[in-house]
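Asks: This is the structure I want to talk about, given as structure tokens.
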Amino acid sequence: VRHICGHDVHTTIGLGIASVLAKHRDKIKGTIYFIFQPSEEIWNKGAQSMIADGLFNLIDPSEMYALHITPLPVGQVAAKENEVYSYFRTLKVQFKNILVKDEVVKYTQDLIRSHSTVNEKFWDLKSIMDPEIGIANPNSIYADYIAVSEPFHVKSENNAVEISTMIYATDSLKLDSMLVRLEENIGRSAYSSNLLSVHYDKNNPTVNNDAKLTQETLQTIASAYGKNTMAPIYGIVHLFNDDFSFFQQKVPGVYYLLGGSNFEKGVIAMPHSANFAVDEEAIRVGVKYFSTMLLSRLDN
């Protein structure tokens, strides 16, 4: 059993940057902090725990940066302004005193599905990097969407029934309006008098990059290592997220996607997939690019 997400690579790059910069202390015109954070996918155990434990009483950074391994080719890095990952919510619809449980479950599932704007290709992880429809294409299928996750979960308890699922969207307002429309539709249905609630159980933020810092730092890396190092991003990734977003609520920052794939060698750095692997050249690349970028930030 393994998590297969690249966290060992991230930690090694962080240590590598620290090692490089420590050898150039005399050139550093400020202070650089390294934050090694656990559990970036468990929303109440990573960044939030560190913040609650007094992280920002110990340090007071003016900017923050993070990176994560992705299936981009090794040597490439990407970042985009504003949202990097989709907003996601756990939708729950609850009814009471339901005698026709199967009917209300089917009705509710069909109603929720009707708000989805995606197809089967959207859910295939390989599609994220597809040159025709993936996040690097201006016509990306990941640019503007509401996605309803399957399967639904149905729970019966105390003569009531609850239907729940995950909803992903590129815009938080889409999620808000979907909730309103669902409640309105059910209110006009034969099940209106049985409705208990329509609500989102979780309301986590998403990674949201500072526009100015994104532009400036990408330009720094491109100037030092060539424009070919930059991978364009037009879409917003679903299924993944990162609680770096909680740090960004305190300090403006940029979250980068670092390439770890070597397609000629059959190495595909798709996190959470069974054949996940990383070309370890990504470690050298990450140390080079971000050591240069951090020194440049302090120089300016």
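Numbering starts fresh at 1 for the residues of each chain in the structure tokens, the chains themselves are lettered A, B, ... in the order given, and ligands are numbered from 1 as they appear.
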Which neighbours of stretch 130-136 of chain A fall inside 6 Å, counting only C-alpha atoms, when residues of the same chain fewer than 4 positions from it are skipped, and could you give them as a ChimeraX atom specification?

Replies: /A:140-141,232-235

Asks: For the selection you just gave me, I'd like the residues written to a file as a PDB file, in the first residue's frame, keeping N, CA and C atoms.

Replies:
```
ATOM      1  N   SER A 140      -9.746  23.584 -23.726  1.00  0.00           N
ATOM      2  CA  SER A 140      -9.770  22.533 -22.708  1.00  0.00           C
ATOM      3  C   SER A 140     -11.185  22.262 -22.200  1.00  0.00           C
ATOM      4  N   ILE A 141     -11.499  20.966 -22.012  1.00  0.00           N
ATOM      5  CA  ILE A 141     -12.782  20.607 -21.419  1.00  0.00           C
ATOM      6  C   ILE A 141     -12.781  20.877 -19.913  1.00  0.00           C
ATOM      7  N   PRO A 232       1.738  25.960 -20.679  1.00  0.00           N
ATOM      8  CA  PRO A 232       0.519  26.754 -20.506  1.00  0.00           C
ATOM      9  C   PRO A 232      -0.566  25.972 -19.769  1.00  0.00           C
ATOM     10  N   ILE A 233      -1.402  26.667 -19.034  1.00  0.00           N
ATOM     11  CA  ILE A 233      -2.545  26.044 -18.367  1.00  0.00           C
ATOM     12  C   ILE A 233      -3.793  26.867 -18.681  1.00  0.00           C
ATOM     13  N   TYR A 234      -4.771  26.219 -19.264  1.00  0.00           N
ATOM     14  CA  TYR A 234      -6.042  26.877 -19.559  1.00  0.00           C
ATOM     15  C   TYR A 234      -7.175  26.280 -18.732  1.00  0.00           C
ATOM     16  N   GLY A 235      -6.997  25.050 -18.289  1.00  0.00           N
ATOM     17  CA  GLY A 235      -8.051  24.385 -17.536  1.00  0.00           C
ATOM     18  C   GLY A 235      -7.800  24.410 -16.042  1.00  0.00           C
TER      19      GLY A 235
END
```

Asks: Tell me which protein, DNA and RNA residues are within 8 Å of stretch 92-100 of chain A, counting only C-alpha atoms, leaving out same-chain ones fewer than 5 positions away, and put them as a list in words.

Replies: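 Here the qualifying residues turn out to be Thr108, Asn159, Ala160, Val161, Glu162, Ile163, Ser164, Thr165, Asn194, Leu195, Leu196, Ser197, Val198, His199, Tyr200 and Asp201 of chain A.
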
Asks: Please write the residues from the selection above to a file, keeping N, CA, C and O atoms, as a PDB file, in the first residue's frame.

Replies:
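To be explicit, this is the file written out as selection.pdb:
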```pdb
ATOM      1  N   THR A 108     -33.935  12.159  -7.297  1.00  0.00           N
ATOM      2  CA  THR A 108     -32.907  13.086  -6.810  1.00  0.00           C
ATOM      3  C   THR A 108     -31.599  12.915  -7.577  1.00  0.00           C
ATOM      4  O   THR A 108     -30.946  13.903  -7.957  1.00  0.00           O
ATOM      5  N   ASN A 159     -36.364   6.407   9.416  1.00  0.00           N
ATOM      6  CA  ASN A 159     -37.444   6.695   8.466  1.00  0.00           C
ATOM      7  C   ASN A 159     -37.127   7.905   7.581  1.00  0.00           C
ATOM      8  O   ASN A 159     -38.024   8.631   7.142  1.00  0.00           O
ATOM      9  N   ALA A 160     -35.867   8.148   7.370  1.00  0.00           N
ATOM     10  CA  ALA A 160     -35.432   9.229   6.484  1.00  0.00           C
ATOM     11  C   ALA A 160     -34.378   8.678   5.537  1.00  0.00           C
ATOM     12  O   ALA A 160     -33.772   7.633   5.786  1.00  0.00           O
ATOM     13  N   VAL A 161     -34.134   9.388   4.445  1.00  0.00           N
ATOM     14  CA  VAL A 161     -33.137   8.960   3.466  1.00  0.00           C
ATOM     15  C   VAL A 161     -32.256  10.142   3.084  1.00  0.00           C
ATOM     16  O   VAL A 161     -32.735  11.276   2.983  1.00  0.00           O
ATOM     17  N   GLU A 162     -30.964   9.866   2.908  1.00  0.00           N
ATOM     18  CA  GLU A 162     -30.004  10.906   2.517  1.00  0.00           C
ATOM     19  C   GLU A 162     -29.276  10.461   1.261  1.00  0.00           C
ATOM     20  O   GLU A 162     -28.757   9.354   1.190  1.00  0.00           O
ATOM     21  N   ILE A 163     -29.248  11.330   0.260  1.00  0.00           N
ATOM     22  CA  ILE A 163     -28.521  11.076  -0.995  1.00  0.00           C
ATOM     23  C   ILE A 163     -27.368  12.075  -1.051  1.00  0.00           C
ATOM     24  O   ILE A 163     -27.579  13.286  -0.921  1.00  0.00           O
ATOM     25  N   SER A 164     -26.148  11.576  -1.235  1.00  0.00           N
ATOM     26  CA  SER A 164     -24.998  12.478  -1.236  1.00  0.00           C
ATOM     27  C   SER A 164     -24.022  12.129  -2.347  1.00  0.00           C
ATOM     28  O   SER A 164     -23.957  10.982  -2.799  1.00  0.00           O
ATOM     29  N   THR A 165     -23.252  13.130  -2.762  1.00  0.00           N
ATOM     30  CA  THR A 165     -22.197  12.935  -3.765  1.00  0.00           C
ATOM     31  C   THR A 165     -21.282  14.143  -3.748  1.00  0.00           C
ATOM     32  O   THR A 165     -21.572  15.167  -3.111  1.00  0.00           O
ATOM     33  N   ASN A 194     -41.728  16.390   1.854  1.00  0.00           N
ATOM     34  CA  ASN A 194     -40.841  15.466   2.573  1.00  0.00           C
ATOM     35  C   ASN A 194     -39.410  15.970   2.668  1.00  0.00           C
ATOM     36  O   ASN A 194     -38.577  15.358   3.347  1.00  0.00           O
ATOM     37  N   LEU A 195     -39.122  17.061   1.987  1.00  0.00           N
ATOM     38  CA  LEU A 195     -37.745  17.557   1.956  1.00  0.00           C
ATOM     39  C   LEU A 195     -37.324  18.100   3.320  1.00  0.00           C
ATOM     40  O   LEU A 195     -38.002  18.945   3.906  1.00  0.00           O
ATOM     41  N   LEU A 196     -36.192  17.605   3.808  1.00  0.00           N
ATOM     42  CA  LEU A 196     -35.607  18.116   5.042  1.00  0.00           C
ATOM     43  C   LEU A 196     -34.572  19.202   4.763  1.00  0.00           C
ATOM     44  O   LEU A 196     -34.596  20.266   5.365  1.00  0.00           O
ATOM     45  N   SER A 197     -33.643  18.902   3.854  1.00  0.00           N
ATOM     46  CA  SER A 197     -32.593  19.887   3.573  1.00  0.00           C
ATOM     47  C   SER A 197     -31.869  19.571   2.276  1.00  0.00           C
ATOM     48  O   SER A 197     -31.809  18.408   1.853  1.00  0.00           O
ATOM     49  N   VAL A 198     -31.318  20.618   1.673  1.00  0.00           N
ATOM     50  CA  VAL A 198     -30.384  20.511   0.554  1.00  0.00           C
ATOM     51  C   VAL A 198     -29.194  21.375   0.948  1.00  0.00           C
ATOM     52  O   VAL A 198     -29.331  22.594   1.095  1.00  0.00           O
ATOM     53  N   HIS A 199     -28.041  20.769   1.169  1.00  0.00           N
ATOM     54  CA  HIS A 199     -26.924  21.571   1.653  1.00  0.00           C
ATOM     55  C   HIS A 199     -25.585  20.936   1.268  1.00  0.00           C
ATOM     56  O   HIS A 199     -25.522  19.766   0.893  1.00  0.00           O
ATOM     57  N   TYR A 200     -24.542  21.764   1.369  1.00  0.00           N
ATOM     58  CA  TYR A 200     -23.178  21.281   1.191  1.00  0.00           C
ATOM     59  C   TYR A 200     -22.595  21.005   2.565  1.00  0.00           C
ATOM     60  O   TYR A 200     -22.631  21.858   3.456  1.00  0.00           O
ATOM     61  N   ASP A 201     -22.054  19.797   2.734  1.00  0.00           N
ATOM     62  CA  ASP A 201     -21.523  19.394   4.028  1.00  0.00           C
ATOM     63  C   ASP A 201     -20.135  19.958   4.274  1.00  0.00           C
ATOM     64  O   ASP A 201     -19.758  20.215   5.406  1.00  0.00           O
TER      65      ASP A 201
END
```

Asks: So, with only C-alpha atoms as the atoms that count, which of A:Glu83, A:Gly14, A:Asn57, A:Leu111 lies closest to A:Ile32?

Replies: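 Of A:Glu83, A:Gly14, A:Asn57, A:Leu111, the one nearest A:Ile32 is A:Gly14, counting only C-alpha atoms.
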
Asks: Report as CSV: every residue of stretch 96-175 of chain A with an atom at most 10 Å from stretch 69-73 of chain A, its closest pair of atoms, and their distance in Å to one decimal, counting only C-alpha atoms, with rows sorted by chain and ascending residue number.

Replies:
```
residue,atom,partner,partner_atom,distance
A:Lys126,CA,A:Pro71,CA,9.3
A:Ile128,CA,A:Pro71,CA,9.0
A:Met129,CA,A:Pro71,CA,7.3
A:Ala136,CA,A:Leu72,CA,9.9
```

Asks: Go ahead and write the residues just picked, N, CA, C and O atoms, as an mmCIF file, in the first residue's frame.

Replies:
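Listed below is the output, out_3.cif:
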```cif
data_model
loop_
_atom_site.group_PDB
_atom_site.id
_atom_site.type_symbol
_atom_site.label_atom_id
_atom_site.label_comp_id
_atom_site.auth_asym_id
_atom_site.auth_seq_id
_atom_site.Cartn_x
_atom_site.Cartn_y
_atom_site.Cartn_z
ATOM 1 N N LYS A 126 -6.163 10.417 -17.817
ATOM 2 C CA LYS A 126 -5.295 10.638 -18.988
ATOM 3 C C LYS A 126 -5.747 11.863 -19.781
ATOM 4 O O LYS A 126 -4.941 12.479 -20.477
ATOM 5 N N ILE A 128 -6.513 14.736 -18.690
ATOM 6 C CA ILE A 128 -5.998 15.994 -18.139
ATOM 7 C C ILE A 128 -4.813 16.494 -18.953
ATOM 8 O O ILE A 128 -4.654 17.701 -19.180
ATOM 9 N N MET A 129 -3.973 15.566 -19.439
ATOM 10 C CA MET A 129 -2.794 15.963 -20.202
ATOM 11 C C MET A 129 -2.979 15.752 -21.707
ATOM 12 O O MET A 129 -2.042 15.921 -22.474
ATOM 13 N N ALA A 136 -3.751 22.021 -21.113
ATOM 14 C CA ALA A 136 -2.805 22.856 -21.858
ATOM 15 C C ALA A 136 -3.375 23.353 -23.186
ATOM 16 O O ALA A 136 -2.697 24.065 -23.917
#
```

Asks: Contacts of A:Ala282 at 12 Å or less, counting only C-alpha atoms, minus same-chain residues fewer than 3 places along, as a PDB file with N, CA and C atoms, in the first residue's frame?

Replies:
```pdb
ATOM      1  N   GLY A   6       4.174  11.681  -4.775  1.00  0.00           N
ATOM      2  CA  GLY A   6       5.356  12.499  -5.022  1.00  0.00           C
ATOM      3  C   GLY A   6       5.858  13.289  -3.834  1.00  0.00           C
ATOM      4  N   ASP A   8       7.760  12.465  -1.416  1.00  0.00           N
ATOM      5  CA  ASP A   8       9.190  12.282  -1.177  1.00  0.00           C
ATOM      6  C   ASP A   8      10.008  13.173  -2.111  1.00  0.00           C
ATOM      7  N   VAL A   9       9.514  13.348  -3.340  1.00  0.00           N
ATOM      8  CA  VAL A   9      10.188  14.237  -4.297  1.00  0.00           C
ATOM      9  C   VAL A   9      10.096  15.687  -3.829  1.00  0.00           C
ATOM     10  N   HIS A  10       8.912  16.091  -3.366  1.00  0.00           N
ATOM     11  CA  HIS A  10       8.729  17.475  -2.901  1.00  0.00           C
ATOM     12  C   HIS A  10       9.678  17.778  -1.738  1.00  0.00           C
ATOM     13  N   THR A  12      12.473  16.274  -0.957  1.00  0.00           N
ATOM     14  CA  THR A  12      13.866  16.285  -1.416  1.00  0.00           C
ATOM     15  C   THR A  12      14.200  17.589  -2.121  1.00  0.00           C
ATOM     16  N   ILE A  13      13.277  18.093  -2.933  1.00  0.00           N
ATOM     17  CA  ILE A  13      13.503  19.384  -3.609  1.00  0.00           C
ATOM     18  C   ILE A  13      13.621  20.503  -2.575  1.00  0.00           C
ATOM     19  N   GLY A  16      16.894  20.284  -1.034  1.00  0.00           N
ATOM     20  CA  GLY A  16      17.907  20.671  -2.018  1.00  0.00           C
ATOM     21  C   GLY A  16      18.021  22.180  -2.162  1.00  0.00           C
ATOM     22  N   LEU A  67       5.062  23.651  -4.542  1.00  0.00           N
ATOM     23  CA  LEU A  67       5.046  22.928  -5.820  1.00  0.00           C
ATOM     24  C   LEU A  67       4.532  21.525  -5.604  1.00  0.00           C
ATOM     25  N   HIS A  68       4.046  20.934  -6.689  1.00  0.00           N
ATOM     26  CA  HIS A  68       3.583  19.547  -6.650  1.00  0.00           C
ATOM     27  C   HIS A  68       3.942  18.879  -7.975  1.00  0.00           C
ATOM     28  N   ILE A  69       4.409  17.649  -7.894  1.00  0.00           N
ATOM     29  CA  ILE A  69       4.715  16.853  -9.090  1.00  0.00           C
ATOM     30  C   ILE A  69       3.438  16.627  -9.906  1.00  0.00           C
ATOM     31  N   THR A  70       3.575  16.717 -11.239  1.00  0.00           N
ATOM     32  CA  THR A  70       2.454  16.470 -12.150  1.00  0.00           C
ATOM     33  C   THR A  70       2.955  15.677 -13.360  1.00  0.00           C
ATOM     34  N   PRO A  71       2.039  15.246 -14.244  1.00  0.00           N
ATOM     35  CA  PRO A  71       2.448  14.466 -15.417  1.00  0.00           C
ATOM     36  C   PRO A  71       3.114  15.280 -16.520  1.00  0.00           C
ATOM     37  N   LEU A  72       3.326  16.582 -16.328  1.00  0.00           N
ATOM     38  CA  LEU A  72       4.067  17.356 -17.324  1.00  0.00           C
ATOM     39  C   LEU A  72       5.440  16.724 -17.560  1.00  0.00           C
ATOM     40  N   PRO A  73       6.039  16.950 -18.746  1.00  0.00           N
ATOM     41  CA  PRO A  73       7.389  16.425 -19.000  1.00  0.00           C
ATOM     42  C   PRO A  73       8.403  17.019 -18.025  1.00  0.00           C
ATOM     43  N   VAL A  74       9.366  16.214 -17.625  1.00  0.00           N
ATOM     44  CA  VAL A  74      10.415  16.714 -16.746  1.00  0.00           C
ATOM     45  C   VAL A  74      11.127  17.877 -17.436  1.00  0.00           C
ATOM     46  N   GLY A  75      11.402  18.932 -16.690  1.00  0.00           N
ATOM     47  CA  GLY A  75      12.001  20.148 -17.247  1.00  0.00           C
ATOM     48  C   GLY A  75      10.996  21.265 -17.414  1.00  0.00           C
ATOM     49  N   GLN A  76       9.706  20.933 -17.327  1.00  0.00           N
ATOM     50  CA  GLN A  76       8.673  21.957 -17.466  1.00  0.00           C
ATOM     51  C   GLN A  76       8.040  22.271 -16.118  1.00  0.00           C
ATOM     52  N   VAL A  77       7.570  23.515 -16.010  1.00  0.00           N
ATOM     53  CA  VAL A  77       6.870  23.964 -14.825  1.00  0.00           C
ATOM     54  C   VAL A  77       5.679  24.796 -15.289  1.00  0.00           C
ATOM     55  N   LEU A 257       3.005  23.646 -10.613  1.00  0.00           N
ATOM     56  CA  LEU A 257       2.948  22.263 -11.064  1.00  0.00           C
ATOM     57  C   LEU A 257       4.279  21.946 -11.733  1.00  0.00           C
ATOM     58  N   LEU A 258       4.990  20.957 -11.220  1.00  0.00           N
ATOM     59  CA  LEU A 258       6.324  20.616 -11.717  1.00  0.00           C
ATOM     60  C   LEU A 258       6.268  19.306 -12.482  1.00  0.00           C
ATOM     61  N   GLY A 259       6.831  19.300 -13.686  1.00  0.00           N
ATOM     62  CA  GLY A 259       6.828  18.095 -14.505  1.00  0.00           C
ATOM     63  C   GLY A 259       7.707  17.001 -13.933  1.00  0.00           C
ATOM     64  N   GLY A 260       7.190  15.766 -13.959  1.00  0.00           N
ATOM     65  CA  GLY A 260       7.967  14.634 -13.470  1.00  0.00           C
ATOM     66  C   GLY A 260       7.966  13.451 -14.419  1.00  0.00           C
ATOM     67  N   SER A 261       7.345  13.627 -15.613  1.00  0.00           N
ATOM     68  CA  SER A 261       7.225  12.503 -16.548  1.00  0.00           C
ATOM     69  C   SER A 261       8.380  12.463 -17.541  1.00  0.00           C
ATOM     70  N   ASN A 262       8.706  11.260 -17.987  1.00  0.00           N
ATOM     71  CA  ASN A 262       9.625  11.054 -19.096  1.00  0.00           C
ATOM     72  C   ASN A 262       8.938  10.043 -20.011  1.00  0.00           C
ATOM     73  N   VAL A 267       7.821   6.766 -18.086  1.00  0.00           N
ATOM     74  CA  VAL A 267       7.634   7.251 -16.717  1.00  0.00           C
ATOM     75  C   VAL A 267       6.535   8.313 -16.732  1.00  0.00           C
ATOM     76  N   ALA A 269       4.165  10.625 -14.311  1.00  0.00           N
ATOM     77  CA  ALA A 269       4.043  11.115 -12.937  1.00  0.00           C
ATOM     78  C   ALA A 269       2.618  11.584 -12.635  1.00  0.00           C
ATOM     79  N   ALA A 277       5.148   7.070 -11.336  1.00  0.00           N
ATOM     80  CA  ALA A 277       6.607   7.079 -11.194  1.00  0.00           C
ATOM     81  C   ALA A 277       7.095   8.474 -11.532  1.00  0.00           C
ATOM     82  N   VAL A 278       8.297   8.803 -11.093  1.00  0.00           N
ATOM     83  CA  VAL A 278       8.858  10.135 -11.329  1.00  0.00           C
ATOM     84  C   VAL A 278      10.272  10.005 -11.871  1.00  0.00           C
ATOM     85  N   ASP A 279      10.559  10.730 -12.934  1.00  0.00           N
ATOM     86  CA  ASP A 279      11.931  10.855 -13.411  1.00  0.00           C
ATOM     87  C   ASP A 279      12.661  11.744 -12.406  1.00  0.00           C
ATOM     88  N   VAL A 285      15.827  19.729 -11.479  1.00  0.00           N
ATOM     89  CA  VAL A 285      15.110  20.836 -12.108  1.00  0.00           C
ATOM     90  C   VAL A 285      14.428  21.710 -11.055  1.00  0.00           C
ATOM     91  N   GLY A 286      13.721  21.067 -10.122  1.00  0.00           N
ATOM     92  CA  GLY A 286      13.025  21.823  -9.085  1.00  0.00           C
ATOM     93  C   GLY A 286      13.969  22.658  -8.245  1.00  0.00           C
ATOM     94  N   VAL A 287      15.110  22.087  -7.889  1.00  0.00           N
ATOM     95  CA  VAL A 287      16.092  22.825  -7.090  1.00  0.00           C
ATOM     96  C   VAL A 287      16.638  24.021  -7.874  1.00  0.00           C
ATOM     97  N   LYS A 288      16.980  23.801  -9.136  1.00  0.00           N
ATOM     98  CA  LYS A 288      17.526  24.891  -9.970  1.00  0.00           C
ATOM     99  C   LYS A 288      16.519  26.024 -10.142  1.00  0.00           C
ATOM    100  N   TYR A 289      15.341  25.678 -10.639  1.00  0.00           N
ATOM    101  CA  TYR A 289      14.353  26.701 -10.984  1.00  0.00           C
ATOM    102  C   TYR A 289      13.976  27.547  -9.773  1.00  0.00           C
ATOM    103  N   PHE A 290      13.715  26.877  -8.655  1.00  0.00           N
ATOM    104  CA  PHE A 290      13.151  27.615  -7.532  1.00  0.00           C
ATOM    105  C   PHE A 290      14.217  28.249  -6.644  1.00  0.00           C
TER     106      PHE A 290
END
```

Asks: What's the 10 Å shell around A:Gln37, counting only C-alpha atoms, without same-chain residues fewer than 6 positions away, as a short mmCIF file (atom, residue, chain, number, x, y, z; two decimals) with all heavy atoms, in the first residue's frame?

Replies:
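Dumped everything to result-v5.cif:
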```cif
data_model
loop_
_atom_site.label_atom_id
_atom_site.label_comp_id
_atom_site.auth_asym_id
_atom_site.auth_seq_id
_atom_site.Cartn_x
_atom_site.Cartn_y
_atom_site.Cartn_z
N THR A 11 9.75 16.85 -0.79
CA THR A 11 10.61 17.05 0.38
C THR A 11 12.07 17.13 -0.02
O THR A 11 12.83 17.98 0.48
CB THR A 11 10.40 15.90 1.38
OG1 THR A 11 9.02 15.84 1.75
CG2 THR A 11 11.24 16.11 2.63
N LYS A 45 -5.76 18.62 8.98
CA LYS A 45 -4.58 18.05 9.63
C LYS A 45 -3.26 18.60 9.11
O LYS A 45 -2.22 18.27 9.65
CB LYS A 45 -4.59 16.52 9.49
CG LYS A 45 -5.69 15.85 10.29
CD LYS A 45 -5.49 14.35 10.34
CE LYS A 45 -6.54 13.70 11.23
NZ LYS A 45 -6.36 12.25 11.35
N GLY A 46 -3.26 19.38 8.05
CA GLY A 46 -2.02 19.87 7.47
C GLY A 46 -1.79 21.34 7.77
O GLY A 46 -1.38 21.71 8.87
N ALA A 47 -2.08 22.17 6.78
CA ALA A 47 -1.86 23.61 6.92
C ALA A 47 -2.64 24.19 8.09
O ALA A 47 -2.13 25.00 8.87
CB ALA A 47 -2.25 24.31 5.62
N SER A 49 -3.61 22.79 10.84
CA SER A 49 -3.02 22.42 12.12
C SER A 49 -1.79 23.27 12.42
O SER A 49 -1.56 23.68 13.57
CB SER A 49 -2.64 20.94 12.13
OG SER A 49 -3.79 20.13 12.07
N MET A 50 -0.98 23.53 11.39
CA MET A 50 0.22 24.35 11.59
C MET A 50 -0.15 25.79 11.93
O MET A 50 0.48 26.42 12.79
CB MET A 50 1.11 24.29 10.34
CG MET A 50 1.66 22.91 10.06
SD MET A 50 2.84 22.91 8.67
CE MET A 50 4.28 23.58 9.47
N ASP A 243 -4.22 21.96 0.53
CA ASP A 243 -4.57 22.93 1.57
C ASP A 243 -3.55 24.06 1.69
O ASP A 243 -3.60 24.85 2.63
CB ASP A 243 -4.79 22.23 2.91
CG ASP A 243 -3.53 21.65 3.52
OD1 ASP A 243 -2.46 21.77 2.91
OD2 ASP A 243 -3.62 21.06 4.61
N PHE A 244 -2.66 24.18 0.70
CA PHE A 244 -1.85 25.40 0.57
C PHE A 244 -2.78 26.61 0.50
O PHE A 244 -2.38 27.73 0.80
CB PHE A 244 -0.98 25.31 -0.69
CG PHE A 244 -0.05 26.47 -0.89
CD1 PHE A 244 1.01 26.70 -0.03
CD2 PHE A 244 -0.21 27.33 -1.97
CE1 PHE A 244 1.89 27.76 -0.22
CE2 PHE A 244 0.65 28.39 -2.18
CZ PHE A 244 1.71 28.61 -1.30
#
```

Asks: Considering only C-alpha atoms, can you say which of A:Arg113, A:His24, A:Arg188, A:Lys174 comes closest to A:Pro151?

Replies: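 Selected residue with least distance to A:Pro151: A:Arg113.
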
Asks: Can you check which residues of stretch 24-265 of chain A DSSP gives as alpha helix (DSSP H) on the backbone and send them as a ChimeraX atom specification?

Replies: /A:47-52,55-58,101-113,120-123,172-187,211-225,244-248

Asks: Grab the atom CA of A:Val237 to atom CA of A:Leu179 distance for me, in Å with one decimal place.

Replies: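 Atom CA of A:Leu179 lies 21.8 Å from atom CA of A:Val237.
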
Asks: Compare A:Ser189, A:Ser296, A:Ser39, A:Asn203 by their minimum atom-to-atom distance to A:His3, counting only C-alpha atoms, and give me the closest one.

Replies: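 So, comparing all the options, the nearest one is A:Ser39.
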
Asks: Find the distance between atom CA of A:Ser192 and atom CA of A:Val104 and write it in Å to one decimal.

Replies: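 Computing it gives 10.6 Å between the two atoms.
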
Asks: Which residues are close to A:Lys227, i.e. within 12 Å by only C-alpha atoms, leaving aside same-chain residues fewer than 3 positions away? Reply as a PyMOL selection string.

Replies: chain A and resi 75-78+218-224+230-232

Asks: Tell me, as a ChimeraX atom specification, which residues lie within 7 Å of A:Lys202, counting only C-alpha atoms; anything in the same chain fewer than 2 positions away does not count.

Replies: /A:89-90,200,204

Asks: Please write the residues from the selection above to a file, keeping all heavy atoms, as a PDB file, in the first residue's frame.

Replies:
```pdb
ATOM      1  N   ARG A  89     -17.514  20.328  -3.300  1.00  0.00           N
ATOM      2  CA  ARG A  89     -18.411  20.287  -2.155  1.00  0.00           C
ATOM      3  C   ARG A  89     -19.019  18.889  -2.032  1.00  0.00           C
ATOM      4  O   ARG A  89     -19.222  18.199  -3.037  1.00  0.00           O
ATOM      5  CB  ARG A  89     -19.558  21.286  -2.304  1.00  0.00           C
ATOM      6  CG  ARG A  89     -19.143  22.727  -2.579  1.00  0.00           C
ATOM      7  CD  ARG A  89     -18.677  23.425  -1.320  1.00  0.00           C
ATOM      8  NE  ARG A  89     -18.447  24.846  -1.570  1.00  0.00           N
ATOM      9  CZ  ARG A  89     -17.284  25.375  -1.942  1.00  0.00           C
ATOM     10  NH1 ARG A  89     -16.244  24.562  -2.126  1.00  0.00           N
ATOM     11  NH2 ARG A  89     -17.145  26.676  -2.135  1.00  0.00           N
ATOM     12  N   THR A  90     -19.335  18.488  -0.823  1.00  0.00           N
ATOM     13  CA  THR A  90     -20.115  17.272  -0.595  1.00  0.00           C
ATOM     14  C   THR A  90     -21.577  17.687  -0.506  1.00  0.00           C
ATOM     15  O   THR A  90     -21.988  18.351   0.448  1.00  0.00           O
ATOM     16  CB  THR A  90     -19.699  16.564   0.694  1.00  0.00           C
ATOM     17  OG1 THR A  90     -18.304  16.222   0.622  1.00  0.00           O
ATOM     18  CG2 THR A  90     -20.504  15.287   0.894  1.00  0.00           C
ATOM     19  N   TYR A 200     -24.542  21.764   1.369  1.00  0.00           N
ATOM     20  CA  TYR A 200     -23.178  21.281   1.191  1.00  0.00           C
ATOM     21  C   TYR A 200     -22.595  21.005   2.565  1.00  0.00           C
ATOM     22  O   TYR A 200     -22.631  21.858   3.456  1.00  0.00           O
ATOM     23  CB  TYR A 200     -22.321  22.310   0.463  1.00  0.00           C
ATOM     24  CG  TYR A 200     -22.680  22.487  -0.991  1.00  0.00           C
ATOM     25  CD1 TYR A 200     -22.941  23.757  -1.513  1.00  0.00           C
ATOM     26  CD2 TYR A 200     -22.761  21.407  -1.852  1.00  0.00           C
ATOM     27  CE1 TYR A 200     -23.262  23.932  -2.849  1.00  0.00           C
ATOM     28  CE2 TYR A 200     -23.089  21.565  -3.189  1.00  0.00           C
ATOM     29  CZ  TYR A 200     -23.341  22.836  -3.675  1.00  0.00           C
ATOM     30  OH  TYR A 200     -23.674  22.992  -5.001  1.00  0.00           O
ATOM     31  N   ASN A 204     -14.621  23.728   1.559  1.00  0.00           N
ATOM     32  CA  ASN A 204     -13.197  24.014   1.598  1.00  0.00           C
ATOM     33  C   ASN A 204     -12.793  24.987   0.493  1.00  0.00           C
ATOM     34  O   ASN A 204     -13.356  24.958  -0.598  1.00  0.00           O
ATOM     35  CB  ASN A 204     -12.397  22.723   1.432  1.00  0.00           C
ATOM     36  CG  ASN A 204     -12.585  21.780   2.607  1.00  0.00           C
ATOM     37  OD1 ASN A 204     -12.690  22.214   3.745  1.00  0.00           O
ATOM     38  ND2 ASN A 204     -12.658  20.494   2.339  1.00  0.00           N
TER      39      ASN A 204
END
```

Asks: Please identify the strand (DSSP E) residues within stretch 25-252 of chain A (assignment by DSSP from backbone atoms) and present them as an MDAnalysis selection string.

Replies: chainID A and resid 64:73 77:78 82:83 87:96 146:148 153:157 160:169 195:200 208:209

Asks: Could you give me, as a ChimeraX atom specification, the residues within 12 Å of A:Glu150, counting only C-alpha atoms and dropping anything in the same chain fewer than 4 positions from it?

Replies: /A:109-110,112-113,116,120,123,154,163-168
